[in-house]
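Participant: Structure in structure tokens, see below.
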Amino acid sequence: MGTRILLLADCNSAHTKKWALGLSRKGFKVGLFSFTLPLNDWYSNEGVVLLNSGAMQPGKSGVRSKLQYLGFLGELRRQLAVFNPDVLHAHYASSYGLLGALSGFAPFIISAWGTDVMRFPQKSFLHRAILSFNLRKADAICATSPTIARYIKFFSSKPVMLVPFGVDTTVFKPLAHPERKKEVFTISCAKALEPMYNIHVLLRAFYQLKQQFPHQTFKLVVMGDGSEKERLLNLTATLNLLKEVVFTGKVPAEEVASRIADSDLVMNLSEYESFGVNIIEAMACGVPVIVSEAEGLRHLAEQAPGNLVVNTRNEDEIVGAMRHFFQHPEARKKAGESGFQLVNKYYTLDACLRRMTHVYDEQIHARLLHLALEEHKKPVLH
């Protein structure tokens, strides 16, 4: 029988799906406990078992729903007894981390994703205390980026293992024939339509680029949905870019991959980003990137020479970076190749799964040793 892993994670997150399916395909028995109901059945034919009942509808939020999280503790303990995992692994250090910490199960692993350690503890003293408690209860702590690991150090002195999300290079890969001549210079961005992602800044910079080269055909593809959609559509109309800008809405990973691979440039101008999964996806496709100075993005771009970091408050700098890649095909090729090499060396899904399974093995062995020592300490009755 394979090692049994119970994941505490959002069943509708693309990252959760990636971990659960990846582990299942490697022979692990994977159980998934989520606060929300799945939007579709992506798991049952893949050997992943959805464990909880009475979950909330996706998208439910607010203080009341946050308090309801604790109501899942009894159900989790019942499922732990039934599923009998070798490891309990919470993906998110705050909400799911708290549930795992309160369960008392060991070995217990927490993986921090970003806002859970970078934003959550900033809300109040209580939030900081909850995060510290969760990390204290964890037998092992993982972070998806060095940026996140640095934030964890404010709340825990325990060692932090770096285990990035990883990118599936069987899905995100270069075009088979990249040498074909393209008449349209295509820029892509795969981010939610929310203020922090600066899609409005990207639109204005794209407009300036188009103005500088009136005889060139440009296209901007924005993949995502969110609260800023109407505002961004209005801005697009105001800038007279309705023919050049495509808002796809939220699309499946396979479509994201094909659109990125067919792009000449990928951009992410986020105000805040802990890692930048969409950037390693672009790099996996051999496409150059322009990113903001957000820690997680800058870290990736600086590891792949030729890719560019810009100040989101300097529109001229952004336009200049776009112009650089448009006018210099060799620069695009060099940046794309260095990003591709970076991903295939450090950030493939397979490599990240190996790191995670190594953490599992360490914790299982440590737990068995602990139990053996405890048994040895018991007095012998005559």
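In the structure tokens, chains take letters A, B, ... by order of appearance, with residues numbered from 1 within each chain and ligands from 1 in the order shown.
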Name the residues of stretch 200-319 of chain A that come out as strand (DSSP E) in a backbone DSSP run; write them as a list in words.

Facilitator: Thr217, Phe218, Lys219, Leu220, Val221, Val222, Met223, Val245, Val246, Phe247, Thr248, Gly249, Leu265, Val266, Met267, Asn268, Val289, Ile290, Val291, Leu308 and Val309 of chain A

Participant: Can you write just those residues out, C-alpha atoms, as a PDB file, in the first residue's frame?

Facilitator:
ATOM      1  CA  THR A 217       0.069  45.008 -35.775  1.00  0.00           C
ATOM      2  CA  PHE A 218       0.054  44.308 -32.036  1.00  0.00           C
ATOM      3  CA  LYS A 219      -2.193  42.120 -29.891  1.00  0.00           C
ATOM      4  CA  LEU A 220      -2.601  41.990 -26.121  1.00  0.00           C
ATOM      5  CA  VAL A 221      -4.211  38.891 -24.592  1.00  0.00           C
ATOM      6  CA  VAL A 222      -5.391  39.160 -20.974  1.00  0.00           C
ATOM      7  CA  MET A 223      -6.374  35.846 -19.361  1.00  0.00           C
ATOM      8  CA  VAL A 245      -6.947  43.673 -26.836  1.00  0.00           C
ATOM      9  CA  VAL A 246      -8.548  40.301 -26.089  1.00  0.00           C
ATOM     10  CA  PHE A 247     -10.036  39.582 -22.651  1.00  0.00           C
ATOM     11  CA  THR A 248     -10.486  35.807 -22.558  1.00  0.00           C
ATOM     12  CA  GLY A 249     -11.899  35.490 -19.057  1.00  0.00           C
ATOM     13  CA  LEU A 265       6.241  38.377 -24.689  1.00  0.00           C
ATOM     14  CA  VAL A 266       4.574  37.751 -21.315  1.00  0.00           C
ATOM     15  CA  MET A 267       4.100  40.507 -18.729  1.00  0.00           C
ATOM     16  CA  ASN A 268       3.222  40.638 -15.035  1.00  0.00           C
ATOM     17  CA  VAL A 289       9.071  38.099 -19.627  1.00  0.00           C
ATOM     18  CA  ILE A 290       8.792  41.617 -18.264  1.00  0.00           C
ATOM     19  CA  VAL A 291       7.893  41.784 -14.573  1.00  0.00           C
ATOM     20  CA  LEU A 308      13.498  42.442 -17.596  1.00  0.00           C
ATOM     21  CA  VAL A 309      12.313  44.035 -14.345  1.00  0.00           C
TER      22      VAL A 309
END

Participant: What's the 12 Å shell around A:Gly320, counting only C-alpha atoms, without same-chain residues fewer than 2 positions away, as a ChimeraX atom specification?

Facilitator: /A:205-206,208-209,212,290,308-311,314-318,322-328

Participant: Set the distance at 10 Å and use only C-alpha atoms: which residues neighbour A:Gly104 once local chain neighbours fewer than 4 positions away are removed? I'd like the list as a ChimeraX atom specification.

Facilitator: /A:77,99-100,108,137-138

Participant: Between atom CA of A:Leu8 and atom CA of A:Ala93, what is the distance in Å, rounded to a tenth?

Facilitator: 10.3 Å

Participant: Here is a test: counting only C-alpha atoms, which residue of A:Leu353, A:Leu50, A:Val87, A:Leu135 is nearest to A:Cys11?

Facilitator: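 Ranking A:Leu353, A:Leu50, A:Val87, A:Leu135 by distance to A:Cys11, first place goes to A:Leu50.
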
Participant: Taking only C-alpha atoms into account, which of A:Val49, A:Ala176, A:Ile148, A:Ala331 comes nearest A:Val163?

Facilitator: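 Once distances to A:Val163 are computed over only C-alpha atoms, the minimum belongs to A:Ile148.
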
Participant: If you count only C-alpha atoms, which residues fall within 12 Å of stretch 255-261 of chain A, apart from same-chain ones fewer than 3 positions away, as number ranges by chain?

Facilitator: A: 167-178, 186-191, 219-224, 246, 248-252, 264-267, 278-289, 336, 340

Participant: Go ahead and dump the residues you just picked, N, CA and C atoms, as a CSV table (one decimal), in the first residue's frame.

Facilitator:
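And here is the file that came out, part_20.csv:
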chain,number,residue,atom,x,y,z
A,167,VAL,N,6.0,23.7,-12.4
A,167,VAL,CA,5.2,23.8,-13.7
A,167,VAL,C,5.2,22.5,-14.4
A,168,ASP,N,4.1,22.1,-15.0
A,168,ASP,CA,4.0,20.9,-15.7
A,168,ASP,C,4.5,21.1,-17.1
A,169,THR,N,5.7,20.7,-17.4
A,169,THR,CA,6.4,21.0,-18.6
A,169,THR,C,5.9,20.1,-19.8
A,170,THR,N,5.0,19.2,-19.5
A,170,THR,CA,4.3,18.5,-20.6
A,170,THR,C,3.1,19.3,-21.1
A,171,VAL,N,2.7,20.3,-20.4
A,171,VAL,CA,1.6,21.2,-20.8
A,171,VAL,C,2.2,22.5,-21.2
A,172,PHE,N,3.1,23.1,-20.4
A,172,PHE,CA,3.7,24.4,-20.7
A,172,PHE,C,5.0,24.1,-21.4
A,173,LYS,N,5.1,24.3,-22.7
A,173,LYS,CA,6.3,24.0,-23.4
A,173,LYS,C,6.4,24.9,-24.7
A,174,PRO,N,7.5,25.0,-25.3
A,174,PRO,CA,7.7,25.9,-26.5
A,174,PRO,C,6.9,25.3,-27.6
A,175,LEU,N,6.6,26.2,-28.6
A,175,LEU,CA,5.9,25.8,-29.8
A,175,LEU,C,6.8,24.8,-30.6
A,176,ALA,N,6.3,23.9,-31.3
A,176,ALA,CA,7.0,23.0,-32.1
A,176,ALA,C,7.8,23.7,-33.2
A,177,HIS,N,7.3,24.8,-33.7
A,177,HIS,CA,8.0,25.5,-34.8
A,177,HIS,C,8.0,27.0,-34.5
A,178,PRO,N,8.9,27.4,-33.6
A,178,PRO,CA,8.9,28.8,-33.2
A,178,PRO,C,9.5,29.7,-34.3
A,186,THR,N,2.5,39.6,-30.3
A,186,THR,CA,1.5,39.3,-29.3
A,186,THR,C,2.1,39.3,-27.9
A,187,ILE,N,1.5,40.1,-27.0
A,187,ILE,CA,1.8,40.2,-25.6
A,187,ILE,C,0.7,39.5,-24.8
A,188,SER,N,1.1,38.7,-23.8
A,188,SER,CA,0.1,38.0,-23.0
A,188,SER,C,0.3,38.4,-21.5
A,189,CYS,N,-0.8,38.3,-20.8
A,189,CYS,CA,-0.8,38.5,-19.3
A,189,CYS,C,-1.9,37.5,-18.7
A,190,ALA,N,-1.5,36.7,-17.8
A,190,ALA,CA,-2.4,35.7,-17.2
A,190,ALA,C,-2.5,36.1,-15.7
A,191,LYS,N,-3.4,37.1,-15.4
A,191,LYS,CA,-3.6,37.5,-14.1
A,191,LYS,C,-5.1,37.9,-13.9
A,219,LYS,N,-1.1,42.7,-30.6
A,219,LYS,CA,-2.2,42.1,-29.9
A,219,LYS,C,-1.8,41.9,-28.4
A,220,LEU,N,-2.8,42.2,-27.6
A,220,LEU,CA,-2.6,42.0,-26.1
A,220,LEU,C,-3.7,41.0,-25.7
A,221,VAL,N,-3.3,39.9,-25.1
A,221,VAL,CA,-4.2,38.9,-24.6
A,221,VAL,C,-4.2,38.9,-23.1
A,222,VAL,N,-5.3,39.1,-22.4
A,222,VAL,CA,-5.4,39.2,-21.0
A,222,VAL,C,-6.3,38.0,-20.5
A,223,MET,N,-5.7,37.1,-19.8
A,223,MET,CA,-6.4,35.8,-19.4
A,223,MET,C,-6.7,35.9,-17.9
A,224,GLY,N,-7.9,36.1,-17.6
A,224,GLY,CA,-8.3,36.2,-16.2
A,224,GLY,C,-9.7,36.9,-16.0
A,246,VAL,N,-7.6,41.4,-26.3
A,246,VAL,CA,-8.5,40.3,-26.1
A,246,VAL,C,-8.6,40.0,-24.6
A,248,THR,N,-10.0,37.2,-22.4
A,248,THR,CA,-10.5,35.8,-22.6
A,248,THR,C,-11.4,35.3,-21.4
A,249,GLY,N,-11.3,36.0,-20.3
A,249,GLY,CA,-11.9,35.5,-19.1
A,249,GLY,C,-11.0,34.4,-18.5
A,250,LYS,N,-11.5,33.7,-17.5
A,250,LYS,CA,-10.7,32.6,-16.9
A,250,LYS,C,-10.7,31.4,-17.8
A,251,VAL,N,-9.5,30.9,-18.1
A,251,VAL,CA,-9.5,29.8,-19.1
A,251,VAL,C,-8.7,28.6,-18.5
A,252,PRO,N,-8.9,27.4,-18.9
A,252,PRO,CA,-8.2,26.2,-18.4
A,252,PRO,C,-6.7,26.3,-18.7
A,264,ASP,N,4.8,36.5,-28.1
A,264,ASP,CA,6.2,37.0,-28.2
A,264,ASP,C,6.7,37.5,-26.9
A,265,LEU,N,5.8,37.8,-25.9
A,265,LEU,CA,6.2,38.4,-24.7
A,265,LEU,C,5.1,38.2,-23.7
A,266,VAL,N,5.5,37.9,-22.4
A,266,VAL,CA,4.6,37.8,-21.3
A,266,VAL,C,4.9,38.8,-20.3
A,267,MET,N,3.9,39.4,-19.7
A,267,MET,CA,4.1,40.5,-18.7
A,267,MET,C,3.3,40.3,-17.5
A,278,ASN,N,2.8,32.2,-13.0
A,278,ASN,CA,2.5,32.4,-14.5
A,278,ASN,C,3.8,32.8,-15.2
A,279,ILE,N,4.8,33.3,-14.4
A,279,ILE,CA,6.1,33.7,-15.0
A,279,ILE,C,6.9,32.4,-15.3
A,280,ILE,N,6.9,31.4,-14.4
A,280,ILE,CA,7.7,30.2,-14.7
A,280,ILE,C,6.9,29.4,-15.8
A,281,GLU,N,5.6,29.6,-15.9
A,281,GLU,CA,4.9,29.0,-17.0
A,281,GLU,C,5.3,29.6,-18.3
A,282,ALA,N,5.5,30.9,-18.4
A,282,ALA,CA,6.0,31.5,-19.6
A,282,ALA,C,7.4,31.1,-19.9
A,283,MET,N,8.2,31.0,-18.9
A,283,MET,CA,9.6,30.6,-19.1
A,283,MET,C,9.7,29.2,-19.6
A,284,ALA,N,8.8,28.3,-19.1
A,284,ALA,CA,8.7,26.9,-19.6
A,284,ALA,C,8.4,26.8,-21.1
A,285,CYS,N,7.6,27.8,-21.6
A,285,CYS,CA,7.3,27.9,-23.0
A,285,CYS,C,8.4,28.6,-23.8
A,286,GLY,N,9.5,29.0,-23.2
A,286,GLY,CA,10.5,29.7,-23.9
A,286,GLY,C,10.2,31.1,-24.3
A,287,VAL,N,9.3,31.7,-23.6
A,287,VAL,CA,8.8,33.1,-23.9
A,287,VAL,C,9.5,34.1,-22.9
A,288,PRO,N,10.0,35.2,-23.4
A,288,PRO,CA,10.6,36.2,-22.5
A,288,PRO,C,9.6,36.9,-21.7
A,289,VAL,N,10.0,37.5,-20.5
A,289,VAL,CA,9.1,38.1,-19.6
A,289,VAL,C,9.5,39.5,-19.2
A,336,GLY,N,14.2,34.1,-23.7
A,336,GLY,CA,13.4,32.9,-23.7
A,336,GLY,C,14.2,31.6,-23.3
A,340,PHE,N,13.8,29.2,-20.0
A,340,PHE,CA,13.5,27.8,-20.3
A,340,PHE,C,14.5,26.9,-19.5

Participant: Would you mind telling me which residue in A:Gln79, A:His89, A:Ala106, A:Ser94 lies nearest to A:Ile364 when using only C-alpha atoms?

Facilitator: A:Ala106

Participant: Mind the document's chain letters and residue numbers, and return as a list of chain:residue names the residues of stretch 194-243 of chain A that DSSP labels alpha helix (DSSP H).

Facilitator: A:Ile199, A:His200, A:Val201, A:Leu202, A:Leu203, A:Arg204, A:Ala205, A:Phe206, A:Tyr207, A:Gln208, A:Leu209, A:Lys210, A:Gln211, A:Gln212, A:Lys229, A:Glu230, A:Arg231, A:Leu232, A:Leu233, A:Asn234, A:Leu235, A:Thr236, A:Ala237, A:Thr238
